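Enquirer: Structure file protein.pdb (PDB, C-alpha atoms) right here:
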```
ATOM      1  CA  MET A1089      79.571 -49.535 239.883
ATOM      2  CA  ARG A1090      77.126 -50.793 242.502
ATOM      3  CA  TYR A1091      76.168 -47.273 243.518
ATOM      4  CA  ILE A1092      75.696 -46.239 239.909
ATOM      5  CA  THR A1093      73.321 -49.177 239.389
ATOM      6  CA  ILE A1094      71.334 -48.228 242.512
ATOM      7  CA  LEU A1095      71.205 -44.607 241.416
ATOM      8  CA  ALA A1096      70.120 -45.569 237.915
ATOM      9  CA  ALA A1097      67.400 -47.845 239.310
ATOM     10  CA  ALA A1098      66.223 -45.100 241.669
ATOM     11  CA  LEU A1099      65.990 -42.652 238.796
ATOM     12  CA  LEU A1100      64.298 -45.188 236.554
ATOM     13  CA  PHE A1101      61.691 -46.378 239.034
ATOM     14  CA  GLY A1102      61.372 -43.175 241.028
ATOM     15  CA  GLY A1103      58.183 -42.243 239.230
ATOM     16  CA  CYS A1104      56.519 -45.548 240.106
ATOM     17  CA  VAL A1105      55.917 -44.567 243.694
ATOM     18  CA  SER A1106      54.094 -41.303 243.075
ATOM     19  CA  GLU A1107      50.697 -41.213 244.718
ATOM     20  CA  VAL A1108      47.639 -40.853 242.501
ATOM     21  CA  GLN A1109      45.763 -37.773 243.649
ATOM     22  CA  PRO A1110      41.935 -37.743 243.841
ATOM     23  CA  TRP A1111      41.713 -35.430 240.838
ATOM     24  CA  GLU A1112      43.943 -37.696 238.763
ATOM     25  CA  LYS A1113      41.748 -40.776 238.906
ATOM     26  CA  ALA A1114      40.282 -40.480 235.425
ATOM     27  CA  THR A1115      41.895 -43.717 234.252
ATOM     28  CA  LEU A1116      40.961 -45.567 237.433
ATOM     29  CA  ALA A1117      37.356 -44.446 237.002
ATOM     30  CA  LYS A1118      37.040 -46.134 233.610
ATOM     31  CA  ASP A1119      34.653 -49.096 233.381
ATOM     32  CA  GLY A1120      37.454 -51.388 232.284
ATOM     33  CA  MET A1121      39.306 -50.726 235.529
ATOM     34  CA  LYS A1122      36.531 -52.174 237.649
ATOM     35  CA  GLU A1123      36.974 -55.545 239.263
ATOM     36  CA  GLY A1124      35.683 -58.046 236.735
ATOM     37  CA  GLY A1125      36.067 -55.703 233.785
ATOM     38  CA  ALA A1126      33.758 -53.362 231.978
ATOM     39  CA  ASN A1127      30.805 -55.759 231.970
ATOM     40  CA  PRO A1128      29.510 -56.378 235.516
ATOM     41  CA  LEU A1129      27.616 -59.453 234.318
ATOM     42  CA  VAL A1130      30.879 -61.303 233.647
ATOM     43  CA  LYS A1131      31.932 -60.902 237.268
ATOM     44  CA  LYS A1132      28.453 -61.847 238.456
ATOM     45  CA  TYR A1133      28.424 -65.097 236.435
ATOM     46  CA  GLU A1134      31.957 -65.956 237.454
ATOM     47  CA  GLU A1135      30.964 -65.544 241.084
ATOM     48  CA  HIS A1136      27.865 -67.653 240.551
ATOM     49  CA  ILE A1137      29.861 -70.493 238.985
ATOM     50  CA  TYR A1138      32.492 -70.300 241.727
ATOM     51  CA  TYR A1139      29.840 -70.310 244.440
ATOM     52  CA  SER A1140      28.076 -73.317 242.880
ATOM     53  CA  LYS A1141      31.254 -75.316 242.491
ATOM     54  CA  GLU A1142      32.659 -74.469 245.894
ATOM     55  CA  ALA A1143      29.392 -74.687 247.831
ATOM     56  CA  THR A1144      30.598 -77.615 249.934
ATOM     57  CA  LYS A1145      33.209 -75.416 251.567
ATOM     58  CA  GLY A1146      30.986 -72.377 251.958
ATOM     59  CA  GLY A1147      31.109 -70.901 248.454
ATOM     60  CA  GLY A1148      32.521 -67.437 248.369
ATOM     61  CA  SER A1149      32.066 -66.838 252.076
ATOM     62  CA  ILE A1150      33.601 -68.240 255.244
ATOM     63  CA  GLY A1151      30.350 -70.011 256.153
ATOM     64  CA  ALA A1152      29.953 -73.630 257.079
ATOM     65  CA  GLY A1153      29.772 -76.612 254.778
ATOM     66  CA  GLY A1154      27.245 -77.143 252.059
ATOM     67  CA  CYS A1155      25.394 -79.989 253.795
ATOM     68  CA  GLY A1156      22.406 -77.741 254.493
ATOM     69  CA  CYS A1157      22.399 -78.838 258.119
ATOM     70  CA  ASN A1158      22.848 -75.445 259.796
TER
ATOM     71  CA  MET B1144      48.691 -28.528 254.252
ATOM     72  CA  LYS B1145      47.275 -25.181 255.374
ATOM     73  CA  LYS B1146      43.948 -24.366 253.870
ATOM     74  CA  SER B1147      44.709 -20.788 253.209
ATOM     75  CA  PHE B1148      45.858 -19.481 249.914
ATOM     76  CA  THR B1149      46.788 -16.051 248.787
ATOM     77  CA  LEU B1150      44.884 -14.636 245.896
ATOM     78  CA  ALA B1151      48.074 -13.552 244.234
ATOM     79  CA  CYS B1152      49.696 -16.990 244.395
ATOM     80  CA  VAL B1153      46.738 -18.867 242.966
ATOM     81  CA  ALA B1154      46.129 -16.259 240.281
ATOM     82  CA  LEU B1155      49.803 -16.197 239.312
ATOM     83  CA  ALA B1156      50.134 -19.972 239.267
ATOM     84  CA  SER B1157      46.970 -20.446 237.262
ATOM     85  CA  THR B1158      48.004 -17.748 234.809
ATOM     86  CA  LEU B1159      51.381 -19.337 234.310
ATOM     87  CA  PHE B1160      50.363 -22.969 234.036
ATOM     88  CA  ALA B1161      46.637 -23.426 233.613
ATOM     89  CA  ASN B1162      44.633 -22.693 230.532
ATOM     90  CA  GLU B1163      42.392 -20.281 232.319
ATOM     91  CA  THR B1164      42.806 -17.906 235.224
ATOM     92  CA  LEU B1165      41.052 -18.094 238.540
ATOM     93  CA  LEU B1166      40.491 -14.639 239.905
ATOM     94  CA  LEU B1167      38.778 -14.313 243.256
ATOM     95  CA  GLU B1168      37.350 -11.105 244.646
ATOM     96  CA  LYS B1169      38.685 -10.630 248.140
ATOM     97  CA  GLU B1170      35.516  -9.509 249.912
ATOM     98  CA  LYS B1171      33.210 -11.807 247.991
ATOM     99  CA  THR B1172      32.372 -15.274 249.236
ATOM    100  CA  THR B1173      33.135 -17.705 246.446
ATOM    101  CA  ILE B1174      32.152 -21.344 246.159
ATOM    102  CA  LEU B1175      34.667 -23.275 244.094
ATOM    103  CA  SER B1176      33.290 -26.528 242.771
ATOM    104  CA  PHE B1177      35.832 -28.985 241.388
ATOM    105  CA  PHE B1178      34.417 -31.634 239.077
ATOM    106  CA  ALA B1179      35.398 -33.946 236.224
ATOM    107  CA  SER B1180      33.684 -35.856 233.438
ATOM    108  CA  TRP B1181      34.832 -39.212 234.822
ATOM    109  CA  CYS B1182      33.383 -38.599 238.263
ATOM    110  CA  PRO B1183      29.843 -40.046 238.686
ATOM    111  CA  SER B1184      29.220 -38.184 241.952
ATOM    112  CA  CYS B1185      29.955 -34.886 240.202
ATOM    113  CA  LYS B1186      27.042 -35.544 237.848
ATOM    114  CA  LYS B1187      24.868 -35.868 240.923
ATOM    115  CA  GLU B1188      26.179 -32.747 242.598
ATOM    116  CA  LEU B1189      26.146 -30.254 239.704
ATOM    117  CA  PRO B1190      22.334 -30.137 239.282
ATOM    118  CA  GLN B1191      21.985 -29.428 243.017
ATOM    119  CA  LEU B1192      24.515 -26.629 242.780
ATOM    120  CA  ALA B1193      22.812 -25.218 239.681
ATOM    121  CA  LYS B1194      19.539 -24.911 241.587
ATOM    122  CA  LEU B1195      21.260 -22.849 244.255
ATOM    123  CA  HIS B1196      23.035 -20.549 241.810
ATOM    124  CA  ASP B1197      20.379 -17.824 241.455
ATOM    125  CA  GLY B1198      19.730 -17.584 245.180
ATOM    126  CA  TYR B1199      23.432 -17.324 245.969
ATOM    127  CA  LYS B1200      23.948 -14.745 243.241
ATOM    128  CA  LYS B1201      21.328 -12.512 244.886
ATOM    129  CA  ARG B1202      23.173 -12.891 248.165
ATOM    130  CA  GLY B1203      26.460 -11.908 246.546
ATOM    131  CA  ILE B1204      27.929 -15.393 246.651
ATOM    132  CA  GLU B1205      29.648 -16.506 243.462
ATOM    133  CA  ILE B1206      29.889 -20.093 242.291
ATOM    134  CA  ILE B1207      32.805 -21.025 240.031
ATOM    135  CA  GLY B1208      33.044 -24.487 238.519
ATOM    136  CA  ILE B1209      36.483 -25.923 237.835
ATOM    137  CA  ASP B1210      36.656 -28.829 235.435
ATOM    138  CA  VAL B1211      39.818 -30.825 236.162
ATOM    139  CA  ASP B1212      39.679 -33.008 233.049
ATOM    140  CA  LYS B1213      43.113 -33.245 231.485
ATOM    141  CA  LYS B1214      41.724 -33.455 227.973
ATOM    142  CA  LEU B1215      39.958 -30.286 226.921
ATOM    143  CA  GLU B1216      37.863 -32.323 224.504
ATOM    144  CA  ASP B1217      36.474 -34.451 227.373
ATOM    145  CA  ALA B1218      35.801 -31.319 229.393
ATOM    146  CA  HIS B1219      33.913 -29.631 226.581
ATOM    147  CA  LYS B1220      31.899 -32.755 225.817
ATOM    148  CA  PHE B1221      30.931 -33.109 229.474
ATOM    149  CA  GLN B1222      30.057 -29.431 229.856
ATOM    150  CA  GLU B1223      27.924 -29.573 226.731
ATOM    151  CA  LYS B1224      26.069 -32.582 228.138
ATOM    152  CA  MET B1225      25.579 -30.882 231.506
ATOM    153  CA  LYS B1226      24.883 -27.451 229.985
ATOM    154  CA  GLU B1227      21.603 -26.902 231.828
ATOM    155  CA  HIS B1228      23.273 -27.716 235.133
ATOM    156  CA  LEU B1229      26.138 -25.308 234.626
ATOM    157  CA  PRO B1230      24.631 -21.814 234.860
ATOM    158  CA  PHE B1231      27.763 -20.511 236.548
ATOM    159  CA  LYS B1232      31.246 -19.696 235.251
ATOM    160  CA  VAL B1233      33.376 -22.751 234.488
ATOM    161  CA  LEU B1234      37.160 -22.855 234.193
ATOM    162  CA  ASN B1235      39.042 -25.644 232.476
ATOM    163  CA  ASP B1236      42.010 -26.670 234.592
ATOM    164  CA  THR B1237      43.557 -29.085 232.113
ATOM    165  CA  SER B1238      47.012 -28.681 233.606
ATOM    166  CA  ASN B1239      45.554 -29.330 237.087
ATOM    167  CA  THR B1240      47.350 -26.282 238.441
ATOM    168  CA  ILE B1241      44.382 -24.859 240.324
ATOM    169  CA  VAL B1242      43.282 -28.200 241.754
ATOM    170  CA  GLY B1243      46.905 -28.909 242.634
ATOM    171  CA  GLU B1244      46.915 -25.770 244.781
ATOM    172  CA  TYR B1245      43.747 -26.679 246.643
ATOM    173  CA  LYS B1246      44.493 -30.424 246.920
ATOM    174  CA  PRO B1247      40.994 -31.773 247.543
ATOM    175  CA  LEU B1248      40.752 -35.084 249.389
ATOM    176  CA  GLY B1249      38.100 -36.396 247.022
ATOM    177  CA  MET B1250      35.921 -35.576 244.045
ATOM    178  CA  PRO B1251      33.641 -33.685 243.722
ATOM    179  CA  ALA B1252      35.077 -31.023 245.969
ATOM    180  CA  ILE B1253      33.697 -27.718 247.151
ATOM    181  CA  PHE B1254      35.836 -24.998 248.682
ATOM    182  CA  ILE B1255      34.272 -21.904 250.193
ATOM    183  CA  VAL B1256      36.715 -19.041 249.894
ATOM    184  CA  LYS B1257      36.495 -15.640 251.559
ATOM    185  CA  ASN B1258      39.180 -13.013 252.097
ATOM    186  CA  ASN B1259      41.730 -15.181 250.264
ATOM    187  CA  GLU B1260      41.204 -18.033 252.697
ATOM    188  CA  VAL B1261      39.451 -21.342 252.450
ATOM    189  CA  CYS B1262      36.936 -21.290 255.277
ATOM    190  CA  ALA B1263      35.108 -24.560 254.538
ATOM    191  CA  THR B1264      35.382 -27.655 252.385
ATOM    192  CA  ILE B1265      32.981 -30.378 251.273
ATOM    193  CA  PHE B1266      34.365 -33.534 249.690
ATOM    194  CA  GLY B1267      32.183 -36.019 247.841
ATOM    195  CA  ALA B1268      28.581 -35.614 246.762
ATOM    196  CA  GLU B1269      26.180 -34.563 249.511
ATOM    197  CA  GLU B1270      22.610 -35.753 249.491
ATOM    198  CA  HIS B1271      21.419 -32.530 251.103
ATOM    199  CA  LEU B1272      23.890 -30.108 249.589
ATOM    200  CA  GLU B1273      21.848 -26.974 250.273
ATOM    201  CA  GLU B1274      21.667 -27.665 254.012
ATOM    202  CA  ARG B1275      25.341 -28.516 254.195
ATOM    203  CA  LEU B1276      26.354 -25.418 252.243
ATOM    204  CA  GLU B1277      24.207 -23.177 254.443
ATOM    205  CA  LYS B1278      25.853 -24.675 257.506
ATOM    206  CA  GLU B1279      29.331 -24.135 256.082
ATOM    207  CA  LEU B1280      28.508 -20.589 254.911
ATOM    208  CA  GLN B1281      27.284 -19.797 258.395
ATOM    209  CA  THR B1282      30.554 -21.138 259.820
ATOM    210  CA  CYS B1283      32.453 -18.899 257.385
ATOM    211  CA  LYS B1284      30.380 -15.894 258.428
ATOM    212  CA  GLU B1285      31.078 -16.537 262.100
ATOM    213  CA  LYS B1286      34.796 -16.892 261.466
ATOM    214  CA  LYS B1287      35.107 -13.322 260.196
TER
END
```
Mind converting the file's structure to structure tokens?
Expert:
Amino acid sequence: MRYITILAAALLFGGCVSEVQPWEKATLAKDGMKEGGANPLVKKYEEHIYYSKEATKGGGSIGAGGCGCN
Amino acid sequence: MKKSFTLACVALASTLFANETLLLEKEKTTILSFFASWCPSCKKELPQLAKLHDGYKKRGIEIIGIDVDKKLEDAHKFQEKMKEHLPFKVLNDTSNTIVGEYKPLGMPAIFIVKNNEVCATIFGAEEHLEERLEKELQTCKEKK
């Protein structure tokens, strides 16, 4: 029974590991697939808000604190 | 994967599975340009290739465009939009049989084929395509 389950799972999920070829990236090239979605402004504003709120610990980077002393 | 393909294999495979057939003349140097509607770099490359078309034609070099869009409707829409930049023959490889044979590492992709063998490849859009193509064509010439 155990082997049948493994075999069934292998058959079921076998297609999940296929590599996307460079000529098959039509879906990945869609605007909606970009980080932050189709509208780049959304991502930009989100980053701005995050940076402002987290400025004391360096914002979005690994920089020093937000004391303005360096 | 070896970058050599037999004319018969590609022609047979494309006849069997693709919508259109790719037939290459053995002695003729052919530039195969793979592109797609979803590929922004292809839009940059095609006008450069179009400018070179007449000059290459006089030299006996053929350019064949291969649209790898899976939906024929997308392919036609794109080709209509880029009409002035597509003065050469274009094949629609909706089943991706031809591109599957050549297996380019990126898009857009250019394959220079002579005597049933791929003698040079260019992946991605080149800023100075003419110079690069001349260099690769020279390499192909020296190989024979």
Enquirer: I would like the residues chosen by the PyMOL selection byres ((chain B) within 10 of (chain A)) on the shown file; could you give them as a list of chain:residue names?
Expert: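 Written out, the selection comes to B:Phe1177, B:Phe1178, B:Ala1179, B:Ser1180, B:Trp1181, B:Cys1182, B:Pro1183, B:Asp1210, B:Val1211, B:Asp1212, B:Lys1213, B:Asn1239, B:Val1242, B:Gly1243, B:Lys1246, B:Pro1247, B:Leu1248, B:Gly1249, B:Met1250, B:Pro1251, B:Ala1252.
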Enquirer: Could you turn the residues from that selection into a file that holds C-alpha atoms, as a PDB file, keeping the file's coordinate frame?
Expert:
```
ATOM      1  CA  PHE B1177      35.832 -28.985 241.388  1.00  0.00           C
ATOM      2  CA  PHE B1178      34.417 -31.634 239.077  1.00  0.00           C
ATOM      3  CA  ALA B1179      35.398 -33.946 236.224  1.00  0.00           C
ATOM      4  CA  SER B1180      33.684 -35.856 233.438  1.00  0.00           C
ATOM      5  CA  TRP B1181      34.832 -39.212 234.822  1.00  0.00           C
ATOM      6  CA  CYS B1182      33.383 -38.599 238.263  1.00  0.00           C
ATOM      7  CA  PRO B1183      29.843 -40.046 238.686  1.00  0.00           C
ATOM      8  CA  ASP B1210      36.656 -28.829 235.435  1.00  0.00           C
ATOM      9  CA  VAL B1211      39.818 -30.825 236.162  1.00  0.00           C
ATOM     10  CA  ASP B1212      39.679 -33.008 233.049  1.00  0.00           C
ATOM     11  CA  LYS B1213      43.113 -33.245 231.485  1.00  0.00           C
ATOM     12  CA  ASN B1239      45.554 -29.330 237.087  1.00  0.00           C
ATOM     13  CA  VAL B1242      43.282 -28.200 241.754  1.00  0.00           C
ATOM     14  CA  GLY B1243      46.905 -28.909 242.634  1.00  0.00           C
ATOM     15  CA  LYS B1246      44.493 -30.424 246.920  1.00  0.00           C
ATOM     16  CA  PRO B1247      40.994 -31.773 247.543  1.00  0.00           C
ATOM     17  CA  LEU B1248      40.752 -35.084 249.389  1.00  0.00           C
ATOM     18  CA  GLY B1249      38.100 -36.396 247.022  1.00  0.00           C
ATOM     19  CA  MET B1250      35.921 -35.576 244.045  1.00  0.00           C
ATOM     20  CA  PRO B1251      33.641 -33.685 243.722  1.00  0.00           C
ATOM     21  CA  ALA B1252      35.077 -31.023 245.969  1.00  0.00           C
TER      22      ALA B1252
END
```
Enquirer: Which residues are close to B:Ile1174, i.e. within 7 Å by all atoms listed in the file, leaving aside same-chain residues fewer than 2 positions away? Reply as a PyMOL selection string.
Expert: chain B and resi 1172+1176+1205-1207+1253-1256
Enquirer: Could you expand the PyMOL selection byres ((chain B and resi 1203) around 12) into the explicit residues it covers here, written as a PyMOL selection string?
Expert: chain B and resi 1168+1170-1174+1196-1202+1204-1206+1257
Enquirer: Could you write out the selected residues, including C-alpha atoms, as a PDB file, keeping the file's coordinate frame?
Expert:
```
ATOM      1  CA  GLU B1168      37.350 -11.105 244.646  1.00  0.00           C
ATOM      2  CA  GLU B1170      35.516  -9.509 249.912  1.00  0.00           C
ATOM      3  CA  LYS B1171      33.210 -11.807 247.991  1.00  0.00           C
ATOM      4  CA  THR B1172      32.372 -15.274 249.236  1.00  0.00           C
ATOM      5  CA  THR B1173      33.135 -17.705 246.446  1.00  0.00           C
ATOM      6  CA  ILE B1174      32.152 -21.344 246.159  1.00  0.00           C
ATOM      7  CA  HIS B1196      23.035 -20.549 241.810  1.00  0.00           C
ATOM      8  CA  ASP B1197      20.379 -17.824 241.455  1.00  0.00           C
ATOM      9  CA  GLY B1198      19.730 -17.584 245.180  1.00  0.00           C
ATOM     10  CA  TYR B1199      23.432 -17.324 245.969  1.00  0.00           C
ATOM     11  CA  LYS B1200      23.948 -14.745 243.241  1.00  0.00           C
ATOM     12  CA  LYS B1201      21.328 -12.512 244.886  1.00  0.00           C
ATOM     13  CA  ARG B1202      23.173 -12.891 248.165  1.00  0.00           C
ATOM     14  CA  ILE B1204      27.929 -15.393 246.651  1.00  0.00           C
ATOM     15  CA  GLU B1205      29.648 -16.506 243.462  1.00  0.00           C
ATOM     16  CA  ILE B1206      29.889 -20.093 242.291  1.00  0.00           C
ATOM     17  CA  LYS B1257      36.495 -15.640 251.559  1.00  0.00           C
TER      18      LYS B1257
END
```
Enquirer: So what do you get for atom CA of B:His1271 versus atom CA of B:Pro1190, distance-wise?
Expert: 12.1 Å
Enquirer: Put the listed atoms of stretch 1251-1257 of chain B in a box along x, y and z with 5 Å added on every side and give me the centre and edge lengths in Å to one decimal, as JSON.
Expert:
```
{"center_x": 35.2, "center_y": -24.7, "center_z": 247.6, "size_x": 13.1, "size_y": 28.0, "size_z": 17.8}
```
Enquirer: Atom CA of B:Glu1188 to atom CA of B:Glu1269: how many Å, to one decimal?
Expert: 7.1 Å
Enquirer: Using only C-alpha atoms, which of A:Pro1128, A:Arg1090, A:Gly1120, A:Glu1135 sits nearest A:Gly1147?
Expert: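 Between A:Pro1128, A:Arg1090, A:Gly1120, A:Glu1135, the residue approaching A:Gly1147 most closely is A:Glu1135.
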Enquirer: If you measure from atom CA of B:Phe1231 to atom CA of B:Lys1286, what distance in Å do you get, rounded to one decimal?
Expert: 26.1 Å
Enquirer: Of the candidates B:Ala1263, B:Leu1175, B:Leu1195, B:Leu1215, which one gets nearest to B:Lys1232 if we count only C-alpha atoms?
Expert: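 Using only C-alpha atoms, the shortest distance to B:Lys1232 belongs to B:Leu1175.
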Enquirer: Please export stretch 1131-1142 of chain A as a PDB file, in the first residue's frame, restricted to N, CA, C and O atoms.
Expert:
```
ATOM      1  N   LYS A1131       4.460  48.963  -5.631  1.00  0.00           N
ATOM      2  CA  LYS A1131       5.684  48.458  -5.012  1.00  0.00           C
ATOM      3  C   LYS A1131       6.554  49.626  -4.518  1.00  0.00           C
ATOM      4  O   LYS A1131       7.109  49.592  -3.425  1.00  0.00           O
ATOM      5  N   LYS A1132       6.599  50.668  -5.327  1.00  0.00           N
ATOM      6  CA  LYS A1132       7.417  51.834  -4.987  1.00  0.00           C
ATOM      7  C   LYS A1132       6.899  52.484  -3.690  1.00  0.00           C
ATOM      8  O   LYS A1132       7.675  52.815  -2.782  1.00  0.00           O
ATOM      9  N   TYR A1133       5.570  52.658  -3.595  1.00  0.00           N
ATOM     10  CA  TYR A1133       4.996  53.286  -2.402  1.00  0.00           C
ATOM     11  C   TYR A1133       5.140  52.379  -1.176  1.00  0.00           C
ATOM     12  O   TYR A1133       5.410  52.855  -0.080  1.00  0.00           O
ATOM     13  N   GLU A1134       4.962  51.116  -1.387  1.00  0.00           N
ATOM     14  CA  GLU A1134       5.125  50.164  -0.283  1.00  0.00           C
ATOM     15  C   GLU A1134       6.541  50.237   0.272  1.00  0.00           C
ATOM     16  O   GLU A1134       6.754  50.251   1.479  1.00  0.00           O
ATOM     17  N   GLU A1135       7.500  50.311  -0.639  1.00  0.00           N
ATOM     18  CA  GLU A1135       8.903  50.409  -0.229  1.00  0.00           C
ATOM     19  C   GLU A1135       9.168  51.712   0.499  1.00  0.00           C
ATOM     20  O   GLU A1135       9.892  51.763   1.481  1.00  0.00           O
ATOM     21  N   HIS A1136       8.540  52.774   0.027  1.00  0.00           N
ATOM     22  CA  HIS A1136       8.723  54.090   0.639  1.00  0.00           C
ATOM     23  C   HIS A1136       8.188  54.084   2.075  1.00  0.00           C
ATOM     24  O   HIS A1136       8.837  54.573   3.000  1.00  0.00           O
ATOM     25  N   ILE A1137       6.997  53.510   2.238  1.00  0.00           N
ATOM     26  CA  ILE A1137       6.383  53.457   3.576  1.00  0.00           C
ATOM     27  C   ILE A1137       7.241  52.603   4.508  1.00  0.00           C
ATOM     28  O   ILE A1137       7.536  52.989   5.633  1.00  0.00           O
ATOM     29  N   TYR A1138       7.684  51.446   3.982  1.00  0.00           N
ATOM     30  CA  TYR A1138       8.520  50.552   4.791  1.00  0.00           C
ATOM     31  C   TYR A1138       9.805  51.253   5.211  1.00  0.00           C
ATOM     32  O   TYR A1138      10.207  51.229   6.366  1.00  0.00           O
ATOM     33  N   TYR A1139      10.423  51.934   4.261  1.00  0.00           N
ATOM     34  CA  TYR A1139      11.692  52.616   4.524  1.00  0.00           C
ATOM     35  C   TYR A1139      11.497  53.696   5.587  1.00  0.00           C
ATOM     36  O   TYR A1139      12.298  53.843   6.510  1.00  0.00           O
ATOM     37  N   SER A1140      10.378  54.444   5.475  1.00  0.00           N
ATOM     38  CA  SER A1140      10.112  55.522   6.433  1.00  0.00           C
ATOM     39  C   SER A1140       9.883  54.971   7.826  1.00  0.00           C
ATOM     40  O   SER A1140      10.371  55.514   8.816  1.00  0.00           O
ATOM     41  N   LYS A1141       9.128  53.886   7.894  1.00  0.00           N
ATOM     42  CA  LYS A1141       8.788  53.330   9.206  1.00  0.00           C
ATOM     43  C   LYS A1141       9.960  52.603   9.847  1.00  0.00           C
ATOM     44  O   LYS A1141      10.073  52.531  11.064  1.00  0.00           O
ATOM     45  N   GLU A1142      10.810  52.032   9.031  1.00  0.00           N
ATOM     46  CA  GLU A1142      11.913  51.237   9.565  1.00  0.00           C
ATOM     47  C   GLU A1142      13.252  51.966   9.470  1.00  0.00           C
ATOM     48  O   GLU A1142      14.308  51.344   9.531  1.00  0.00           O
TER      49      GLU A1142
END
```
